[in-house]
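S.K.: This is the content of final.txt (compact mmCIF, C-alpha atoms):
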# COMPACT_ATOMS: atom_id res chain seq x y z
CA MET A 1 -10.92 -14.62 -41.65
CA ASN A 2 -13.21 -11.87 -40.34
CA PHE A 3 -13.70 -9.58 -43.36
CA PRO A 4 -13.96 -6.20 -41.48
CA PHE A 5 -10.95 -7.08 -39.32
CA TYR A 6 -8.88 -8.03 -42.37
CA ILE A 7 -9.62 -4.72 -44.10
CA ALA A 8 -9.01 -2.73 -40.90
CA ARG A 9 -5.62 -4.39 -40.45
CA ARG A 10 -4.69 -3.51 -44.03
CA TYR A 11 -5.75 0.10 -43.49
CA LEU A 12 -3.68 0.34 -40.29
CA PHE A 13 -0.39 -0.53 -41.96
CA SER A 14 -1.00 0.61 -45.54
CA LYS A 15 0.24 3.93 -46.89
CA LYS A 16 -2.47 6.57 -46.98
CA SER A 17 -3.01 9.03 -49.83
CA THR A 18 -2.14 11.85 -47.46
CA HIS A 19 1.00 11.38 -45.36
CA ALA A 20 -0.56 13.38 -42.49
CA ILE A 21 -3.04 10.56 -41.86
CA ASN A 22 -0.19 8.10 -41.18
CA LEU A 23 1.38 10.68 -38.87
CA ILE A 24 -1.88 11.26 -36.98
CA SER A 25 -2.35 7.49 -36.62
CA ALA A 26 1.15 7.17 -35.18
CA ILE A 27 0.46 10.04 -32.78
CA SER A 28 -2.76 8.32 -31.70
CA VAL A 29 -0.92 5.11 -30.86
CA LEU A 30 1.80 7.08 -29.09
CA GLY A 31 -0.74 9.09 -27.06
CA VAL A 32 -2.43 5.95 -25.78
CA ALA A 33 0.97 4.35 -25.12
CA ILE A 34 2.22 7.31 -23.06
CA ALA A 35 -0.96 7.41 -20.96
CA THR A 36 -0.73 3.65 -20.42
CA MET A 37 2.96 3.89 -19.52
CA ALA A 38 2.16 6.63 -16.98
CA MET A 39 -0.44 4.39 -15.35
CA VAL A 40 1.97 1.45 -15.08
CA VAL A 41 4.77 3.57 -13.60
CA THR A 42 2.59 5.56 -11.21
CA LEU A 43 0.73 2.57 -9.76
CA SER A 44 4.02 0.67 -9.44
CA VAL A 45 5.53 3.56 -7.45
CA PHE A 46 2.53 3.50 -5.10
CA ASN A 47 3.08 -0.25 -4.72
CA GLY A 48 6.74 0.41 -3.98
CA PHE A 49 5.92 2.80 -1.13
CA HIS A 50 3.28 0.35 0.13
CA ASP A 51 5.82 -2.48 0.28
CA LEU A 52 8.43 -0.17 1.83
CA VAL A 53 6.09 0.84 4.65
CA ALA A 54 5.19 -2.82 5.18
CA THR A 55 8.85 -3.66 5.85
CA PHE A 56 8.98 -1.04 8.63
CA PHE A 57 5.92 -2.38 10.39
CA THR A 58 7.29 -5.93 10.11
CA SER A 59 10.10 -4.91 12.48
CA PHE A 60 7.61 -3.98 15.19
CA ASP A 61 4.20 -5.47 14.54
CA PRO A 62 3.52 -9.18 15.15
CA GLN A 63 2.30 -11.53 12.45
CA LEU A 64 -1.04 -11.86 14.26
CA LYS A 65 -2.42 -9.83 17.13
CA VAL A 66 -5.35 -10.72 19.40
CA THR A 67 -6.93 -7.81 21.30
CA PRO A 68 -10.10 -7.40 23.39
CA ALA A 69 -13.09 -6.31 21.33
CA LYS A 70 -14.27 -4.20 24.29
CA GLY A 71 -12.09 -2.47 26.84
CA LYS A 72 -8.31 -2.21 26.96
CA THR A 73 -7.33 -5.40 28.76
CA ALA A 74 -8.37 -9.01 29.29
CA PRO A 75 -7.32 -11.76 31.75
CA SER A 76 -4.18 -13.46 30.49
CA ASP A 77 -5.53 -16.84 31.65
CA ASP A 78 -8.75 -16.54 29.61
CA PRO A 79 -9.51 -20.04 28.22
CA ILE A 80 -10.07 -18.59 24.75
CA LEU A 81 -6.59 -17.06 24.71
CA THR A 82 -5.14 -20.30 26.05
CA GLN A 83 -6.76 -22.23 23.19
CA ILE A 84 -5.36 -19.78 20.65
CA LYS A 85 -1.86 -19.99 22.15
CA ASN A 86 -1.97 -23.78 22.12
CA LEU A 87 -2.86 -24.12 18.44
CA PRO A 88 -0.27 -26.43 16.80
CA GLU A 89 0.58 -23.82 14.13
CA VAL A 90 1.59 -21.19 16.73
CA ASP A 91 5.37 -20.92 17.04
CA ILE A 92 5.71 -17.99 19.46
CA ALA A 93 3.09 -16.33 21.68
CA MET A 94 3.79 -13.21 23.72
CA GLU A 95 1.63 -11.29 26.16
CA CYS A 96 1.77 -7.51 26.02
CA VAL A 97 0.54 -4.62 28.20
CA GLU A 98 0.37 -1.21 26.52
CA ASP A 99 -0.94 2.15 27.71
CA GLN A 100 -0.17 5.86 27.93
CA ALA A 101 1.97 7.44 30.64
CA LEU A 102 3.90 10.60 31.45
CA ALA A 103 7.69 10.43 31.13
CA ILE A 104 9.92 13.01 32.85
CA TYR A 105 13.68 13.36 32.51
CA ASP A 106 15.40 16.35 34.14
CA ASP A 107 13.36 19.37 33.05
CA ARG A 108 11.70 17.66 30.07
CA GLN A 109 8.48 15.71 29.91
CA ALA A 110 6.37 13.97 27.28
CA MET A 111 3.31 11.78 26.98
CA VAL A 112 4.52 8.35 25.89
CA MET A 113 3.15 4.93 25.06
CA ILE A 114 4.63 2.28 27.34
CA LYS A 115 4.70 -1.16 25.72
CA GLY A 116 5.57 -3.95 28.11
CA VAL A 117 6.75 -7.13 26.40
CA GLU A 118 8.02 -10.56 27.39
CA ASP A 119 11.56 -11.78 26.87
CA ASN A 120 10.68 -13.47 23.55
CA PHE A 121 9.76 -10.13 21.91
CA ASN A 122 12.81 -10.19 19.64
CA GLN A 123 11.97 -13.73 18.49
CA LEU A 124 8.44 -12.60 17.68
CA THR A 125 9.50 -9.63 15.53
CA HIS A 126 12.69 -8.21 14.02
CA PHE A 127 13.02 -5.53 16.69
CA SER A 128 16.77 -5.99 17.18
CA GLU A 129 17.34 -5.02 13.54
CA ILE A 130 16.16 -1.44 14.21
CA LEU A 131 18.25 -0.84 17.34
CA ILE A 132 20.80 1.98 17.42
CA PRO A 133 23.73 1.66 17.93
CA ASP A 134 23.72 -2.08 18.75
CA LYS A 135 21.86 -3.33 15.66
CA GLY A 136 21.11 -7.03 15.96
CA ALA A 137 21.80 -7.17 19.69
CA VAL A 138 19.51 -9.09 22.04
CA VAL A 139 18.84 -6.68 24.92
CA ASP A 140 17.57 -7.65 28.37
CA LEU A 141 14.78 -5.39 29.62
CA HIS A 142 15.11 -6.39 33.26
CA ALA A 143 17.78 -7.66 35.60
CA ALA A 144 17.07 -8.49 39.25
CA ASN A 145 14.99 -5.55 40.50
CA LEU A 146 16.16 -3.16 37.74
CA GLU A 147 13.95 -2.29 34.79
CA PHE A 148 15.21 -0.98 31.43
CA GLY A 149 13.56 0.85 28.58
CA ILE A 150 14.27 1.40 24.88
CA PRO A 151 12.73 4.64 23.51
CA GLY A 152 12.07 5.60 19.90
CA ALA A 153 14.63 7.75 18.07
CA ARG A 154 12.52 10.94 17.95
CA LEU A 155 11.43 10.54 21.55
CA THR A 156 15.11 10.23 22.47
CA GLN A 157 15.79 13.57 20.78
CA THR A 158 12.92 15.46 22.40
CA LEU A 159 12.95 13.93 25.88
CA LEU A 160 16.47 12.65 26.45
CA LYS A 161 18.44 15.24 24.44
CA GLY A 162 19.55 12.58 21.97
CA THR A 163 21.38 10.51 24.58
CA THR A 164 20.86 6.78 23.99
CA GLY A 165 22.52 5.88 27.28
CA TRP A 166 20.94 8.38 29.69
CA PRO A 167 22.84 8.31 33.03
CA ASP A 168 19.95 8.97 35.42
CA TYR A 169 16.55 7.43 35.98
CA LEU A 170 13.74 8.11 33.49
CA HIS A 171 10.67 8.68 35.67
CA ILE A 172 7.34 7.30 34.45
CA TYR A 173 3.96 8.32 35.89
CA ALA A 174 0.57 6.69 35.37
CA PRO A 175 -2.81 7.48 36.99
CA GLU A 176 -3.72 5.44 40.06
CA ARG A 177 -6.60 3.15 39.04
CA GLU A 178 -8.06 2.61 42.49
CA GLY A 179 -9.17 4.96 45.25
CA GLN A 180 -10.29 8.56 45.21
CA LEU A 181 -8.31 11.64 44.25
CA ASP A 182 -7.00 13.58 47.26
CA MET A 183 -6.78 17.22 46.18
CA THR A 184 -4.48 18.03 49.10
CA ASN A 185 -1.97 15.47 47.83
CA PRO A 186 -2.30 15.21 44.01
CA GLU A 187 0.94 13.22 43.71
CA ALA A 188 -0.81 10.31 45.43
CA ALA A 189 -3.08 10.02 42.37
CA PHE A 190 -0.17 8.73 40.29
CA VAL A 191 1.91 5.59 40.31
CA GLU A 192 5.58 6.40 39.82
CA ASP A 193 8.29 4.09 38.58
CA SER A 194 11.57 4.53 36.75
CA LEU A 195 13.57 3.04 33.91
CA LEU A 196 17.27 2.74 33.20
CA SER A 197 18.86 2.88 29.77
CA THR A 198 20.06 -0.14 27.82
CA GLY A 199 22.25 2.21 25.76
CA ASN A 200 19.99 1.79 22.73
CA MET A 201 17.08 3.41 20.95
CA PHE A 202 15.02 2.06 18.07
CA ASN A 203 14.40 3.77 14.74
CA MET A 204 11.52 2.61 12.51
CA ASN A 205 11.30 5.81 10.46
CA GLN A 206 7.65 5.92 11.47
CA SER A 207 6.63 8.87 13.62
CA LYS A 208 3.82 6.91 15.28
CA TYR A 209 6.42 4.71 16.98
CA ASP A 210 9.65 6.69 16.98
CA ALA A 211 8.10 9.74 18.67
CA ASN A 212 5.92 7.99 21.25
CA TYR A 213 6.93 4.47 22.21
CA ILE A 214 9.13 3.09 24.98
CA ILE A 215 9.68 -0.67 25.00
CA THR A 216 10.14 -2.21 28.42
CA SER A 217 9.35 -5.43 30.30
CA ILE A 218 5.79 -6.59 30.83
CA ALA A 219 6.38 -6.80 34.59
CA PHE A 220 7.19 -3.07 34.67
CA ALA A 221 4.08 -2.20 32.61
CA ARG A 222 1.78 -4.36 34.73
CA ASN A 223 3.08 -2.82 37.94
CA LEU A 224 2.83 0.73 36.54
CA PHE A 225 -0.71 0.39 35.20
CA GLY A 226 -2.04 -1.93 37.89
CA GLN A 227 -2.74 -4.71 35.40
CA GLN A 228 -1.43 -7.78 37.23
CA GLY A 229 -2.61 -10.94 35.47
CA MET A 230 -3.97 -8.90 32.55
CA LEU A 231 -2.86 -8.25 28.98
CA SER A 232 -3.60 -5.65 26.32
CA SER A 233 -2.83 -8.01 23.46
CA LEU A 234 -1.64 -11.48 22.65
CA GLU A 235 0.92 -11.31 19.87
CA LEU A 236 1.67 -14.39 17.78
CA ARG A 237 3.99 -15.78 15.15
CA LEU A 238 3.15 -18.92 13.20
CA LYS A 239 5.46 -21.75 12.31
CA PRO A 240 7.03 -21.57 8.84
CA GLY A 241 4.85 -23.20 6.20
CA SER A 242 1.60 -22.74 8.13
CA ASP A 243 -1.58 -21.92 6.28
CA PHE A 244 -1.80 -18.29 7.40
CA ASP A 245 -5.32 -17.59 6.19
CA GLY A 246 -6.60 -20.91 7.53
CA VAL A 247 -5.06 -20.39 10.98
CA LYS A 248 -6.32 -16.81 11.14
CA LYS A 249 -9.82 -18.01 10.27
CA GLN A 250 -9.61 -20.66 12.99
CA MET A 251 -8.46 -18.07 15.55
CA LYS A 252 -11.34 -15.78 14.64
CA LYS A 253 -13.74 -18.65 15.16
CA LEU A 254 -12.28 -19.30 18.61
CA ALA A 255 -12.23 -15.60 19.49
CA GLY A 256 -15.86 -15.03 18.53
CA ASP A 257 -17.14 -11.56 19.41
CA LYS A 258 -14.90 -11.27 22.47
CA TYR A 259 -11.56 -10.69 20.70
CA LEU A 260 -10.25 -9.21 17.46
CA VAL A 261 -7.70 -11.15 15.42
CA GLU A 262 -5.68 -8.87 13.13
CA ASP A 263 -2.80 -9.42 10.72
CA ARG A 264 -0.12 -6.78 10.08
CA TYR A 265 -2.16 -4.95 7.47
CA GLU A 266 -5.22 -4.80 9.72
CA GLN A 267 -3.10 -3.54 12.63
CA GLN A 268 -2.13 -0.57 10.44
CA ALA A 269 -5.50 -0.28 8.71
CA ASP A 270 -5.53 3.55 8.72
CA THR A 271 -2.13 3.86 7.06
CA TYR A 272 -2.87 1.31 4.35
CA LYS A 273 -6.36 2.72 3.78
CA ILE A 274 -4.86 6.15 3.07
CA MET A 275 -2.34 4.63 0.68
CA ARG A 276 -5.05 2.69 -1.16
CA ILE A 277 -7.17 5.83 -1.49
CA GLU A 278 -4.20 7.79 -2.88
CA LYS A 279 -3.49 5.01 -5.37
CA PHE A 280 -7.15 4.89 -6.43
CA ILE A 281 -7.28 8.67 -6.94
CA ALA A 282 -4.12 8.51 -9.07
CA TYR A 283 -5.71 5.71 -11.11
CA VAL A 284 -8.87 7.78 -11.67
CA PHE A 285 -6.95 10.88 -12.76
CA LEU A 286 -4.77 8.89 -15.14
CA THR A 287 -7.89 7.30 -16.60
CA PHE A 288 -9.21 10.77 -17.41
CA ILE A 289 -5.90 11.57 -19.10
CA LEU A 290 -6.25 8.35 -21.07
CA MET A 291 -9.72 9.44 -22.19
CA VAL A 292 -8.26 12.70 -23.51
CA ALA A 293 -5.56 10.74 -25.35
CA SER A 294 -8.28 8.57 -26.90
CA PHE A 295 -9.74 11.62 -28.67
CA ASN A 296 -6.69 11.49 -30.96
CA ILE A 297 -7.96 8.14 -32.21
CA ILE A 298 -11.26 9.76 -33.21
CA GLY A 299 -9.38 12.41 -35.20
CA SER A 300 -7.25 9.77 -36.87
CA LEU A 301 -10.25 7.67 -37.84
CA SER A 302 -12.17 10.70 -39.09
CA MET A 303 -9.30 11.44 -41.47
CA LEU A 304 -9.19 7.78 -42.51
CA ILE A 305 -12.91 7.71 -43.26
CA ILE A 306 -12.55 10.72 -45.51
CA ASP A 307 -9.48 9.21 -47.19
CA LYS A 308 -11.22 5.86 -47.84
CA LYS A 309 -14.41 7.36 -49.25
CA GLU A 310 -13.83 5.79 -52.66
CA ASP A 311 -12.99 2.43 -51.07
CA VAL A 312 -16.33 2.45 -49.30
CA VAL A 313 -18.13 2.84 -52.63
CA THR A 314 -16.12 -0.06 -54.05
CA LEU A 315 -16.86 -2.26 -51.04
CA ARG A 316 -20.56 -1.54 -51.32
CA ASN A 317 -20.50 -2.48 -54.99
CA LEU A 318 -18.79 -5.73 -54.05
CA GLY A 319 -21.64 -6.56 -51.68
CA ALA A 320 -20.35 -5.38 -48.30
CA SER A 321 -23.16 -4.46 -45.93
CA ASN A 322 -23.37 -1.18 -44.03
CA LYS A 323 -22.71 -3.04 -40.78
CA GLN A 324 -19.53 -4.62 -42.16
CA ILE A 325 -18.22 -1.28 -43.43
CA SER A 326 -18.90 0.35 -40.04
CA LYS A 327 -17.06 -2.49 -38.32
CA ILE A 328 -13.97 -1.84 -40.47
CA PHE A 329 -13.46 1.57 -38.88
CA LEU A 330 -14.43 0.31 -35.43
CA PHE A 331 -11.79 -2.42 -35.71
CA GLU A 332 -9.32 0.23 -36.88
CA GLY A 333 -9.89 2.23 -33.69
CA ARG A 334 -9.64 -0.89 -31.57
CA LEU A 335 -6.37 -1.92 -33.22
CA ILE A 336 -4.91 1.53 -32.51
CA THR A 337 -6.03 1.22 -28.87
CA LEU A 338 -4.64 -2.31 -28.57
CA GLY A 339 -1.32 -1.29 -30.11
CA GLY A 340 -1.03 1.71 -27.77
CA ALA A 341 -1.92 -0.43 -24.75
CA ILE A 342 0.69 -3.11 -25.50
CA LEU A 343 3.38 -0.55 -26.34
CA GLY A 344 2.59 1.52 -23.22
CA ILE A 345 2.69 -1.50 -20.91
CA LEU A 346 6.02 -2.63 -22.35
CA LEU A 347 7.50 0.85 -21.98
CA GLY A 348 6.12 1.14 -18.44
CA LEU A 349 7.59 -2.21 -17.42
CA LEU A 350 10.92 -1.21 -18.97
CA LEU A 351 10.98 2.07 -17.00
CA CYS A 352 10.07 0.24 -13.79
CA TRP A 353 12.87 -2.26 -14.34
CA MET A 354 15.36 0.55 -15.01
CA GLN A 355 14.22 2.38 -11.85
CA GLN A 356 14.62 -0.78 -9.78
CA ARG A 357 18.01 -1.56 -11.28
CA PHE A 358 19.59 1.88 -11.62
CA GLY A 359 17.48 4.24 -9.46
CA LEU A 360 17.02 6.75 -12.27
CA VAL A 361 14.76 9.11 -10.27
CA ALA A 362 16.23 9.98 -6.88
CA LEU A 363 14.28 11.15 -3.84
CA GLY A 364 16.82 13.82 -2.95
CA ASN A 365 20.02 15.47 -4.06
CA SER A 366 22.15 13.97 -1.30
CA SER A 367 22.54 10.28 -0.55
CA GLY A 368 21.20 9.15 2.81
CA SER A 369 18.73 12.03 3.21
CA PHE A 370 15.82 9.60 2.91
CA ILE A 371 15.13 6.00 3.88
CA VAL A 372 15.80 4.99 0.27
CA ASP A 373 17.81 6.98 -2.26
CA ALA A 374 15.44 6.46 -5.22
CA TYR A 375 11.70 6.08 -5.68
CA PRO A 376 10.74 2.50 -4.77
CA VAL A 377 8.96 0.54 -7.51
CA SER A 378 7.04 -2.71 -7.26
CA VAL A 379 5.19 -4.11 -10.27
CA HIS A 380 2.02 -6.01 -9.40
CA PHE A 381 0.73 -7.91 -12.41
CA SER A 382 -2.82 -7.57 -11.14
CA ASP A 383 -2.36 -3.81 -11.67
CA VAL A 384 -0.94 -4.41 -15.15
CA ALA A 385 -4.01 -6.51 -16.01
CA LEU A 386 -6.32 -3.80 -14.64
CA ILE A 387 -4.51 -1.13 -16.66
CA PHE A 388 -4.74 -3.19 -19.85
CA ILE A 389 -8.49 -3.76 -19.36
CA THR A 390 -8.99 -0.06 -18.56
CA VAL A 391 -7.13 1.11 -21.67
CA ILE A 392 -9.01 -1.28 -23.95
CA ALA A 393 -12.38 -0.36 -22.42
CA VAL A 394 -11.78 3.39 -22.54
CA GLY A 395 -10.43 3.26 -26.10
CA TRP A 396 -13.25 1.12 -27.45
CA ILE A 397 -15.97 3.13 -25.74
CA ALA A 398 -14.38 6.41 -26.88
CA VAL A 399 -14.46 5.44 -30.57
CA TRP A 400 -17.72 3.51 -30.68
CA TYR A 401 -20.28 6.30 -31.00
CA PRO A 402 -18.23 8.83 -33.02
CA ILE A 403 -17.11 6.24 -35.58
CA ARG A 404 -20.60 4.78 -35.85
CA HIS A 405 -21.94 8.28 -36.52
CA LEU A 406 -19.20 9.24 -39.01
CA SER A 407 -19.35 5.96 -40.93
CA LYS A 408 -23.15 6.23 -41.14
CA ARG A 409 -22.84 9.70 -42.69
CA LEU A 410 -20.23 8.39 -45.10
CA LEU A 411 -22.50 5.53 -46.15
CA ASP A 412 -25.44 7.88 -46.64
CA ASN A 413 -23.31 10.13 -48.83
CA SER A 414 -22.06 7.16 -50.87
CA LYS A 415 -25.66 6.11 -51.53
CA GLU A 416 -26.50 9.54 -52.85
CA GLU A 417 -23.50 9.38 -55.16
Could you write out this file's structure as structure tokens?
M.R.:
Amino acid sequence: MNFPFYIARRYLFSKKSTHAINLISAISVLGVAIATMAMVVTLSVFNGFHDLVATFFTSFDPQLKVTPAKGKTAPSDDPILTQIKNLPEVDIAMECVEDQALAIYDDRQAMVMIKGVEDNFNQLTHFSEILIPDKGAVVDLHAANLEFGIPGARLTQTLLKGTTGWPDYLHIYAPEREGQLDMTNPEAAFVEDSLLSTGNMFNMNQSKYDANYIITSIAFARNLFGQQGMLSSLELRLKPGSDFDGVKKQMKKLAGDKYLVEDRYEQQADTYKIMRIEKFIAYVFLTFILMVASFNIIGSLSMLIIDKKEDVVTLRNLGASNKQISKIFLFEGRLITLGGAILGILLGLLLCWMQQRFGLVALGNSSGSFIVDAYPVSVHFSDVALIFITVIAVGWIAVWYPIRHLSKRLLDNSKEE
């Protein structure tokens, strides 16, 4: 057995001559454990919000989305897009035309994003699951020469006075793409069309969509924006069991520099980037708190060195080298760090489990005020591993120089004696 480690382990659990040293050692372990527990819980809460947001986008965003690298639209019969659609792993492919327009209803108006989709839109995503009031319904967006639209919940409140089944036409205006502007007749510079209500709105609990988007048929969008035979994006869903990363890589190879191929996370890159930055900042701040907690270990070991002054003399007389005696106290600090790390991770995982099971910390005082009643928690074991490595590294670095310096002074004093 490693001699310094054996002595350090004995010192950790043995009764000290002064009871305060045992108490300070316990406080040191507890300080590291609490800091570690805070890191586990905090990062798991960030993961919980990350996963929660991902479920919202799943209801609207496709599994894979192909968009032009330059410009807003591309020919729908482009051979590259045809090759991508015909890949054997592709289950559903849908063309989409999306652009901004002006919506007017009675005396209210708003800039909106018109998204024209094909009839298989609900098969591509889980859009029907966010419809209000007909959740789960499959809604037709066109019938004969009539066109229908489904607005977001917040847009319904601001533009349509909260009425899901508006009785009149919703007028949509888009700039005319061809010809010159006639200042004597400015209305001629716009293409006008109108939508009827399906009696539904959608609610994603995401302002980006709920306050701006109207879902309608692709025929309506192409006619409004003058994009016949064009598409803004090709949205795809793969067959179950497909190698997602492999298919995505193959699509990127086919797309070359002409098209972008994005998964759900890349489609919402800004949102997820902000969440990752927030999580990283929380990790950095908690690491600083952990460093402060590690100073308790230095105090505990300083007391131990003073308490074991006579033992050091004995060990020297028995033939222990200065390096071995220094390692005893270094191992002592590392054992305290290791014990605090393990205890903190276990406590953090326990708190996360209790939050998942019982919702101990609520988001609000009244049920239903938020999307979820309690803080969401998701434990990622890659984060747990990172926390463990961080705690061990910070603890060992924190005690290395001070203990080396203190033990050296102790050894010099023992020589003089």
S.K.: If you measure from atom CA of Leu170 of chain A to atom CA of Leu231 of chain A, what distance in Å do you get, rounded to one decimal?
M.R.: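 Distance reported for this atom pair: 23.7 Å.
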S.K.: Do you know which residues are at most 8 Å from Ile387 of chain A counting only C-alpha atoms, after dropping those on the same chain fewer than 4 positions away, and could you put them as a PyMOL selection string?
M.R.: chain A and resi 36+39-40+383+391
S.K.: Applying 9 Å and only C-alpha atoms, which residues near Asn120 of chain A remain after dropping the ones on its own chain fewer than 5 positions away? List them as a list in words.
M.R.: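 Near neighbours after the sequence-gap exclusion: Ile92, Ala93, Met94 and Thr125 of chain A.
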S.K.: Around (21.4, 6.8, 23.6), as given in the file, which residues come within 6 Å? Count only C-alpha atoms and list them as a short mmCIF file (atom, residue, chain, number, x, y, z; two decimals) with C-alpha atoms, keeping the file's coordinate frame.
M.R.:
data_model
loop_
_atom_site.label_atom_id
_atom_site.label_comp_id
_atom_site.auth_asym_id
_atom_site.auth_seq_id
_atom_site.Cartn_x
_atom_site.Cartn_y
_atom_site.Cartn_z
CA THR A 163 21.38 10.51 24.58
CA THR A 164 20.86 6.78 23.99
CA GLY A 165 22.52 5.88 27.28
CA GLY A 199 22.25 2.21 25.76
CA ASN A 200 19.99 1.79 22.73
#
S.K.: Which residues are close to segment 138-148 of chain A, i.e. within 8 Å by all atoms listed in the file, leaving aside same-chain residues fewer than 6 positions away? Reply as a VMD selection string.
M.R.: chain A and resid 119 122 128 194 to 198 216 to 217 220
S.K.: Restricting the calculation to all atoms listed in the file, which member of A:Val379, A:Ile214, A:Ile104, A:Val90 is positioned closest to Leu64 of chain A?
M.R.: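 Looking at the shortest contact to Leu64 of chain A, the residue is A:Val90.
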S.K.: Quick one: residues within 10 Å of Tyr283 of chain A, only C-alpha atoms counted, chain neighbours fewer than 5 positions away excluded, as an mmCIF file with C-alpha atoms, in the coordinates of the input?
M.R.:
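This is the output file part01.cif:
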data_model
loop_
_atom_site.group_PDB
_atom_site.id
_atom_site.type_symbol
_atom_site.label_atom_id
_atom_site.label_comp_id
_atom_site.auth_asym_id
_atom_site.auth_seq_id
_atom_site.Cartn_x
_atom_site.Cartn_y
_atom_site.Cartn_z
ATOM 1 C CA ALA A 38 2.160 6.630 -16.980
ATOM 2 C CA MET A 39 -0.440 4.390 -15.350
ATOM 3 C CA VAL A 40 1.970 1.450 -15.080
ATOM 4 C CA THR A 42 2.590 5.560 -11.210
ATOM 5 C CA LEU A 43 0.730 2.570 -9.760
ATOM 6 C CA ILE A 277 -7.170 5.830 -1.490
ATOM 7 C CA GLU A 278 -4.200 7.790 -2.880
ATOM 8 C CA PHE A 288 -9.210 10.770 -17.410
ATOM 9 C CA ILE A 289 -5.900 11.570 -19.100
ATOM 10 C CA ILE A 387 -4.510 -1.130 -16.660
ATOM 11 C CA THR A 390 -8.990 -0.060 -18.560
#
S.K.: Here is a test: counting all atoms listed in the file, which residue of A:Gln355, A:Thr73, A:Gln157, A:Thr337 is nearest to Leu301 of chain A?
M.R.: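 Closest residue, counting all atoms listed in the file: A:Thr337.
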S.K.: Distance atom CA of Tyr375 of chain A-atom CA of Pro62 of chain A, one decimal place?
M.R.: 27.1 Å
S.K.: From the options A:Leu155, A:Leu347, A:Ala385, A:Val32, which residue's atoms come nearest to Gly333 of chain A, counting all atoms listed in the file?
M.R.: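 Under the stated criterion, the closest residue is A:Val32.
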S.K.: Which of these, A:Asp210, A:Ala35, A:Glu266, A:Ile84, has the shortest distance to Phe285 of chain A once you count all atoms listed in the file?
M.R.: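 The shortest atom-to-atom distance to Phe285 of chain A comes from A:Ala35.
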S.K.: Using only C-alpha atoms, find the one residue out of A:Ala26, A:Leu290, A:Val53, A:Leu360 that sits nearest to Tyr265 of chain A.
M.R.: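 Between A:Ala26, A:Leu290, A:Val53, A:Leu360, the residue approaching Tyr265 of chain A most closely is A:Val53.
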S.K.: Just checking: using all atoms listed in the file, which residue out of A:Phe202, A:Phe190, A:Leu87, A:Ile132 ends up closest to Ser59 of chain A?
M.R.: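 Once distances to Ser59 of chain A are computed over all atoms listed in the file, the minimum belongs to A:Phe202.
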S.K.: Quick one: pull the distance between atom CA of Ala137 of chain A and atom CA of Gln206 of chain A, Å, one decimal.
M.R.: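 Going from atom CA of Ala137 of chain A over to atom CA of Gln206 of chain A covers 21.0 Å.
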S.K.: For Thr158 of chain A, list every protein, DNA or RNA residue within 9 Å, evaluated using all atoms listed in the file, and leave out those in the same chain fewer than 6 positions away; present the list as a PDB file with C-alpha atoms, in the frame of the given file.
M.R.:
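Okay, result_5.pdb is ready:
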ATOM      1  CA  ARG A 108      11.700  17.660  30.070  1.00  0.00           C
ATOM      2  CA  GLN A 109       8.480  15.710  29.910  1.00  0.00           C
ATOM      3  CA  ALA A 110       6.370  13.970  27.280  1.00  0.00           C
ATOM      4  CA  ALA A 211       8.100   9.740  18.670  1.00  0.00           C
TER       5      ALA A 211
END
